[in-house]
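Asker: First the structure, then my questions, so here it is.
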Amino acid sequence: MEHGLRSIPSWNLDKFIEHYLLPDTIFRADVKSAIKVVSDFLKERCFQGAAHPVRVSKVVKGGSSGKGTTLRGKSDADLVVFFNNLTSYQDLLNRRREFIKEIKKQLYEVQRERHFSVNFEVRSSWWPFAWALSFKLSAPHLHQEVEFDVLPAFDVLGPVSINKKPIPFIYTTLIWECTSLGKDGEFSKCFTELRQNFLKQRPPKLKSLIRLVKHWYQLVRHLPGHCGLHLHRV
């Protein structure tokens, strides 16, 4: 059911967001459970048998799920996978396809284990150099399928905390490498934790506003003459 916004008075927007836009408890529990399954798989066993000493240093929940701005009924999540043996953005570009191929292979292998009750449905990409591996996860304890994008990333920031600001040199390097490689915006996932921390320090009403704008966009994006703005997993 689509809910128009024009007839809703400003004083009633908070209630509208709570009733129609916030994910319900079951949804949040499903996504959290599914993310734990995939994160544990990536960290504990995915690259154990790889030919090269590849290890996952951390897995960070990204996208709208990571920032807490998911709309009700949207069962998607980004998982940004950081590797401990990458030393530059160029390393990421060179090995990203290899990492995605290995994750896909391991997903199929683990699914054949009888004691593993989780099912992965990997979606084929039309582009052979895709940045992410996309798949659906279903399990007996979940009420719905959860869609995932798994994205390899270079751990340029190291340990991240709300009170610790990155050194300026990191941004200088980012600008220089993006310019020299011609890859503007391609390494944004390496800074996922900074975007999350930005929202953590802001009032909850900001997340409500983001949800409201996303809902508005869904209502108008198919109308003739809309602005063409893309809000992907904000």
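How things are named: the first chain in the structure tokens is A, the next is B, and so on; residues count from 1 in each chain; ligands count from 1 in the order shown.
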As a list in words, list the residues of stretch 128-180 of chain A assigned to strand (DSSP E) by DSSP on the backbone atoms of this structure.

Answerer: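 Everything in stretch 128-180 of chain A that counts as strand (DSSP E) is Leu133, Ser134, Phe135, Lys136, Leu137, Ser138, Val146, Glu147, Phe148, Asp149, Val150, Leu151, Pro152, Ala153 and Phe154 of chain A.
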
Asker: Residues of the last selection are to be written out with C-alpha atoms, as a PDB file, in the first residue's frame.

Answerer:
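Generated output (again22.pdb):
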ATOM      1  CA  LEU A 133      28.931 -10.700  -5.324  1.00  0.00           C
ATOM      2  CA  SER A 134      25.147 -10.624  -5.055  1.00  0.00           C
ATOM      3  CA  PHE A 135      23.124 -13.464  -3.573  1.00  0.00           C
ATOM      4  CA  LYS A 136      20.020 -14.333  -1.598  1.00  0.00           C
ATOM      5  CA  LEU A 137      20.131 -16.162   1.715  1.00  0.00           C
ATOM      6  CA  SER A 138      17.315 -18.271   3.107  1.00  0.00           C
ATOM      7  CA  VAL A 146      17.629 -11.577   2.677  1.00  0.00           C
ATOM      8  CA  GLU A 147      19.503 -10.148  -0.304  1.00  0.00           C
ATOM      9  CA  PHE A 148      23.222  -9.455   0.065  1.00  0.00           C
ATOM     10  CA  ASP A 149      25.937  -7.636  -1.808  1.00  0.00           C
ATOM     11  CA  VAL A 150      29.410  -8.645  -0.638  1.00  0.00           C
ATOM     12  CA  LEU A 151      32.060  -6.075  -1.569  1.00  0.00           C
ATOM     13  CA  PRO A 152      35.843  -6.506  -1.147  1.00  0.00           C
ATOM     14  CA  ALA A 153      37.634  -3.467   0.286  1.00  0.00           C
ATOM     15  CA  PHE A 154      41.097  -2.187   1.150  1.00  0.00           C
TER      16      PHE A 154
END

Asker: Can you pull out every residue within 7 Å of stretch 57-63 of chain A, counting only C-alpha atoms, but drop anything in the same chain fewer than 3 positions away, and send it as a JSON list (two decimals) with C-alpha atoms, in the first residue's frame?

Answerer:
[["chain", "number", "residue", "atom", "x", "y", "z"],
["A", 39, "SER", "CA", 29.96, -12.69, 8.43],
["A", 66, "GLY", "CA", 24.56, -0.61, 8.46],
["A", 67, "LYS", "CA", 23.48, 3.01, 8.83],
["A", 77, "ALA", "CA", 22.24, -5.66, 3.14],
["A", 78, "ASP", "CA", 25.76, -4.74, 2.08],
["A", 79, "LEU", "CA", 28.68, -6.55, 3.67],
["A", 80, "VAL", "CA", 32.02, -4.85, 3.13],
["A", 81, "VAL", "CA", 34.87, -7.37, 3.46],
["A", 82, "PHE", "CA", 38.28, -6.00, 4.43],
["A", 83, "PHE", "CA", 41.42, -8.05, 3.75],
["A", 84, "ASN", "CA", 44.61, -8.01, 5.79],
["A", 192, "THR", "CA", 31.90, 2.64, 5.22],
["A", 233, "ARG", "CA", 20.99, 2.11, -0.09],
["A", 234, "VAL", "CA", 21.35, 5.46, 1.61]]

Asker: Report as JSON lines: every residue of stretch 131-233 of chain A with an atom at most 10 Å from stretch 85-99 of chain A, its closest pair of atoms, and their distance in Å to one decimal, counting only C-alpha atoms, with rows sorted by chain and ascending residue number.

Answerer:
{"residue": "A:Trp131", "atom": "CA", "partner": "A:Arg96", "partner_atom": "CA", "distance": 7.3}
{"residue": "A:Ala132", "atom": "CA", "partner": "A:Arg96", "partner_atom": "CA", "distance": 8.7}
{"residue": "A:Leu133", "atom": "CA", "partner": "A:Phe99", "partner_atom": "CA", "distance": 9.5}
{"residue": "A:Leu151", "atom": "CA", "partner": "A:Arg96", "partner_atom": "CA", "distance": 8.6}
{"residue": "A:Pro152", "atom": "CA", "partner": "A:Arg96", "partner_atom": "CA", "distance": 6.2}
{"residue": "A:Ala153", "atom": "CA", "partner": "A:Leu92", "partner_atom": "CA", "distance": 6.6}
{"residue": "A:Phe154", "atom": "CA", "partner": "A:Leu86", "partner_atom": "CA", "distance": 6.0}
{"residue": "A:Asp155", "atom": "CA", "partner": "A:Leu86", "partner_atom": "CA", "distance": 7.4}
{"residue": "A:Val156", "atom": "CA", "partner": "A:Ser88", "partner_atom": "CA", "distance": 7.6}
{"residue": "A:Thr173", "atom": "CA", "partner": "A:Tyr89", "partner_atom": "CA", "distance": 9.6}
{"residue": "A:Leu174", "atom": "CA", "partner": "A:Tyr89", "partner_atom": "CA", "distance": 8.3}
{"residue": "A:Glu177", "atom": "CA", "partner": "A:Tyr89", "partner_atom": "CA", "distance": 7.4}
{"residue": "A:Cys178", "atom": "CA", "partner": "A:Tyr89", "partner_atom": "CA", "distance": 8.6}
{"residue": "A:Leu181", "atom": "CA", "partner": "A:Gln90", "partner_atom": "CA", "distance": 8.2}
{"residue": "A:Lys183", "atom": "CA", "partner": "A:Leu93", "partner_atom": "CA", "distance": 9.8}
{"residue": "A:Glu186", "atom": "CA", "partner": "A:Tyr89", "partner_atom": "CA", "distance": 9.6}
{"residue": "A:Phe187", "atom": "CA", "partner": "A:Tyr89", "partner_atom": "CA", "distance": 7.6}
{"residue": "A:Cys190", "atom": "CA", "partner": "A:Tyr89", "partner_atom": "CA", "distance": 9.4}

Asker: Let me see the file: selected residues, all heavy atoms, as a CSV table (one decimal), in the first residue's frame.

Answerer:
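Done, and the output landed in out00.csv:
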chain,number,residue,atom,x,y,z
A,131,TRP,N,31.8,-5.4,-9.2
A,131,TRP,CA,32.5,-5.0,-7.9
A,131,TRP,C,32.0,-5.8,-6.7
A,131,TRP,O,32.7,-5.9,-5.7
A,131,TRP,CB,32.1,-3.5,-7.6
A,131,TRP,CG,32.6,-2.5,-8.6
A,131,TRP,CD1,33.3,-2.8,-9.7
A,131,TRP,CD2,32.4,-1.1,-8.5
A,131,TRP,NE1,33.5,-1.6,-10.4
A,131,TRP,CE2,33.0,-0.6,-9.6
A,131,TRP,CE3,31.7,-0.3,-7.6
A,131,TRP,CZ2,33.0,0.8,-9.9
A,131,TRP,CZ3,31.8,1.1,-7.8
A,131,TRP,CH2,32.4,1.6,-9.0
A,132,ALA,N,30.9,-6.5,-6.9
A,132,ALA,CA,30.3,-7.2,-5.7
A,132,ALA,C,29.8,-8.6,-6.1
A,132,ALA,O,29.5,-8.8,-7.3
A,132,ALA,CB,29.2,-6.4,-5.1
A,133,LEU,N,29.6,-9.4,-5.1
A,133,LEU,CA,28.9,-10.7,-5.3
A,133,LEU,C,27.5,-10.6,-4.7
A,133,LEU,O,27.4,-10.3,-3.5
A,133,LEU,CB,29.7,-11.8,-4.6
A,133,LEU,CG,29.0,-13.2,-4.7
A,133,LEU,CD1,29.0,-13.7,-6.1
A,133,LEU,CD2,29.8,-14.2,-3.8
A,151,LEU,N,31.1,-6.9,-0.8
A,151,LEU,CA,32.1,-6.1,-1.6
A,151,LEU,C,33.5,-6.1,-0.9
A,151,LEU,O,33.6,-5.7,0.2
A,151,LEU,CB,31.5,-4.6,-1.6
A,151,LEU,CG,30.1,-4.4,-2.1
A,151,LEU,CD1,29.1,-4.2,-0.9
A,151,LEU,CD2,30.1,-3.2,-3.0
A,152,PRO,N,34.5,-6.6,-1.7
A,152,PRO,CA,35.8,-6.5,-1.1
A,152,PRO,C,36.3,-5.1,-1.0
A,152,PRO,O,35.9,-4.2,-1.7
A,152,PRO,CB,36.6,-7.2,-2.2
A,152,PRO,CG,35.6,-8.0,-3.0
A,152,PRO,CD,34.4,-7.2,-3.0
A,153,ALA,N,37.2,-4.8,0.0
A,153,ALA,CA,37.6,-3.5,0.3
A,153,ALA,C,39.0,-3.5,0.8
A,153,ALA,O,39.5,-4.5,1.5
A,153,ALA,CB,36.7,-2.8,1.3
A,154,PHE,N,39.8,-2.4,0.6
A,154,PHE,CA,41.1,-2.2,1.2
A,154,PHE,C,41.0,-1.5,2.5
A,154,PHE,O,40.3,-0.5,2.6
A,154,PHE,CB,41.9,-1.3,0.2
A,154,PHE,CG,43.2,-0.7,0.7
A,154,PHE,CD1,44.0,-1.5,1.5
A,154,PHE,CD2,43.5,0.6,0.4
A,154,PHE,CE1,45.2,-0.9,2.0
A,154,PHE,CE2,44.7,1.1,0.8
A,154,PHE,CZ,45.5,0.4,1.7
A,155,ASP,N,41.6,-2.1,3.5
A,155,ASP,CA,41.5,-1.5,4.9
A,155,ASP,C,42.4,-0.4,5.1
A,155,ASP,O,43.4,-0.5,5.9
A,155,ASP,CB,41.7,-2.7,5.9
A,155,ASP,CG,41.3,-2.3,7.3
A,155,ASP,OD1,40.7,-1.2,7.5
A,155,ASP,OD2,41.6,-3.0,8.3
A,156,VAL,N,42.1,0.7,4.4
A,156,VAL,CA,43.0,1.9,4.5
A,156,VAL,C,42.9,2.6,5.8
A,156,VAL,O,43.9,3.3,6.3
A,156,VAL,CB,42.7,2.9,3.3
A,156,VAL,CG1,41.3,3.4,3.5
A,156,VAL,CG2,43.7,4.0,3.3
A,173,THR,N,46.0,10.6,-0.3
A,173,THR,CA,46.3,9.4,-1.1
A,173,THR,C,45.1,9.0,-1.9
A,173,THR,O,45.2,8.6,-3.1
A,173,THR,CB,46.7,8.3,-0.1
A,173,THR,OG1,47.8,8.7,0.6
A,173,THR,CG2,47.1,7.1,-0.9
A,174,LEU,N,43.9,9.0,-1.3
A,174,LEU,CA,42.6,8.7,-2.0
A,174,LEU,C,42.4,9.5,-3.2
A,174,LEU,O,42.2,9.0,-4.3
A,174,LEU,CB,41.4,8.8,-1.1
A,174,LEU,CG,40.1,8.6,-1.7
A,174,LEU,CD1,39.9,7.1,-2.2
A,174,LEU,CD2,39.0,8.9,-0.7
A,177,GLU,N,45.2,8.7,-5.9
A,177,GLU,CA,45.0,7.4,-6.6
A,177,GLU,C,43.8,7.3,-7.4
A,177,GLU,O,43.8,6.7,-8.5
A,177,GLU,CB,45.0,6.3,-5.5
A,177,GLU,CG,46.4,6.1,-4.8
A,177,GLU,CD,46.6,4.7,-4.4
A,177,GLU,OE1,46.1,3.7,-5.0
A,177,GLU,OE2,47.3,4.5,-3.4
A,178,CYS,N,42.7,7.9,-7.0
A,178,CYS,CA,41.5,8.0,-7.8
A,178,CYS,C,41.7,8.7,-9.1
A,178,CYS,O,41.2,8.3,-10.2
A,178,CYS,CB,40.3,8.6,-7.0
A,178,CYS,SG,39.6,7.6,-5.8
A,181,LEU,N,44.2,6.6,-11.3
A,181,LEU,CA,43.6,5.3,-11.8
A,181,LEU,C,42.3,5.6,-12.6
A,181,LEU,O,41.8,4.6,-13.2
A,181,LEU,CB,43.3,4.4,-10.6
A,181,LEU,CG,44.5,3.9,-9.8
A,181,LEU,CD1,44.0,3.2,-8.5
A,181,LEU,CD2,45.4,3.0,-10.7
A,183,LYS,N,39.4,6.2,-11.3
A,183,LYS,CA,38.3,5.5,-10.6
A,183,LYS,C,37.6,6.3,-9.6
A,183,LYS,O,37.5,5.9,-8.4
A,183,LYS,CB,39.0,4.2,-9.9
A,183,LYS,CG,39.7,3.3,-10.8
A,183,LYS,CD,38.7,2.5,-11.7
A,183,LYS,CE,39.5,1.5,-12.6
A,183,LYS,NZ,38.5,0.8,-13.5
A,186,GLU,N,35.0,4.9,-6.7
A,186,GLU,CA,35.0,3.4,-6.7
A,186,GLU,C,35.5,2.9,-5.4
A,186,GLU,O,35.2,1.7,-5.1
A,186,GLU,CB,35.9,2.9,-7.8
A,186,GLU,CG,35.8,1.4,-8.0
A,186,GLU,CD,36.3,0.9,-9.4
A,186,GLU,OE1,36.4,1.8,-10.3
A,186,GLU,OE2,36.6,-0.3,-9.5
A,187,PHE,N,36.2,3.7,-4.6
A,187,PHE,CA,36.7,3.1,-3.3
A,187,PHE,C,35.9,3.6,-2.1
A,187,PHE,O,36.4,3.6,-1.0
A,187,PHE,CB,38.1,3.5,-3.1
A,187,PHE,CG,39.0,3.1,-4.3
A,187,PHE,CD1,39.6,4.1,-5.1
A,187,PHE,CD2,39.1,1.8,-4.7
A,187,PHE,CE1,40.4,3.7,-6.2
A,187,PHE,CE2,39.9,1.4,-5.7
A,187,PHE,CZ,40.5,2.4,-6.5
A,190,CYS,N,35.5,1.6,1.2
A,190,CYS,CA,36.6,1.5,2.1
A,190,CYS,C,36.4,2.4,3.3
A,190,CYS,O,37.0,2.3,4.3
A,190,CYS,CB,37.9,1.8,1.4
A,190,CYS,SG,38.3,0.8,0.0

Asker: Could you give me the residues within chain A that DSSP places in alpha helix (DSSP H), as a VMD selection string?

Answerer: chain A and resid 13 to 16 25 to 44 63 to 67 89 to 111 168 to 181 192 to 200 204 to 220

Asker: Can you write out as JSON lines which residues of stretch 106-221 of chain A fall within 12 Å of stretch 2-25 of chain A, alongside each residue's closest atom pair and its distance in Å to one decimal, counting only C-alpha atoms and ordering rows by chain and ascending residue number?

Answerer:
{"residue": "A:His143", "atom": "CA", "partner": "A:Thr25", "partner_atom": "CA", "distance": 11.5}
{"residue": "A:Pro204", "atom": "CA", "partner": "A:Asp14", "partner_atom": "CA", "distance": 11.1}
{"residue": "A:Lys205", "atom": "CA", "partner": "A:Asp14", "partner_atom": "CA", "distance": 8.8}
{"residue": "A:Leu206", "atom": "CA", "partner": "A:Asp14", "partner_atom": "CA", "distance": 11.6}
{"residue": "A:Lys207", "atom": "CA", "partner": "A:Leu22", "partner_atom": "CA", "distance": 10.1}
{"residue": "A:Ser208", "atom": "CA", "partner": "A:Ile17", "partner_atom": "CA", "distance": 6.9}
{"residue": "A:Leu209", "atom": "CA", "partner": "A:Ile17", "partner_atom": "CA", "distance": 8.9}
{"residue": "A:Ile210", "atom": "CA", "partner": "A:Ile17", "partner_atom": "CA", "distance": 10.5}
{"residue": "A:Arg211", "atom": "CA", "partner": "A:Leu21", "partner_atom": "CA", "distance": 6.9}
{"residue": "A:Leu212", "atom": "CA", "partner": "A:Ile17", "partner_atom": "CA", "distance": 7.1}
{"residue": "A:Val213", "atom": "CA", "partner": "A:Leu5", "partner_atom": "CA", "distance": 10.6}
{"residue": "A:Lys214", "atom": "CA", "partner": "A:Leu21", "partner_atom": "CA", "distance": 9.7}
{"residue": "A:His215", "atom": "CA", "partner": "A:Leu21", "partner_atom": "CA", "distance": 7.7}
{"residue": "A:Trp216", "atom": "CA", "partner": "A:Leu5", "partner_atom": "CA", "distance": 7.6}
{"residue": "A:Tyr217", "atom": "CA", "partner": "A:Leu5", "partner_atom": "CA", "distance": 11.2}
{"residue": "A:Gln218", "atom": "CA", "partner": "A:Glu2", "partner_atom": "CA", "distance": 9.5}
{"residue": "A:Leu219", "atom": "CA", "partner": "A:Glu2", "partner_atom": "CA", "distance": 7.6}
{"residue": "A:Val220", "atom": "CA", "partner": "A:Gly4", "partner_atom": "CA", "distance": 10.2}

Asker: What does the distance from atom CA of A:Glu193 to atom CA of A:Lys164 come to in Å, to one decimal?

Answerer: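 Calculated distance between atom CA of A:Glu193 and atom CA of A:Lys164 is 11.6 Å.
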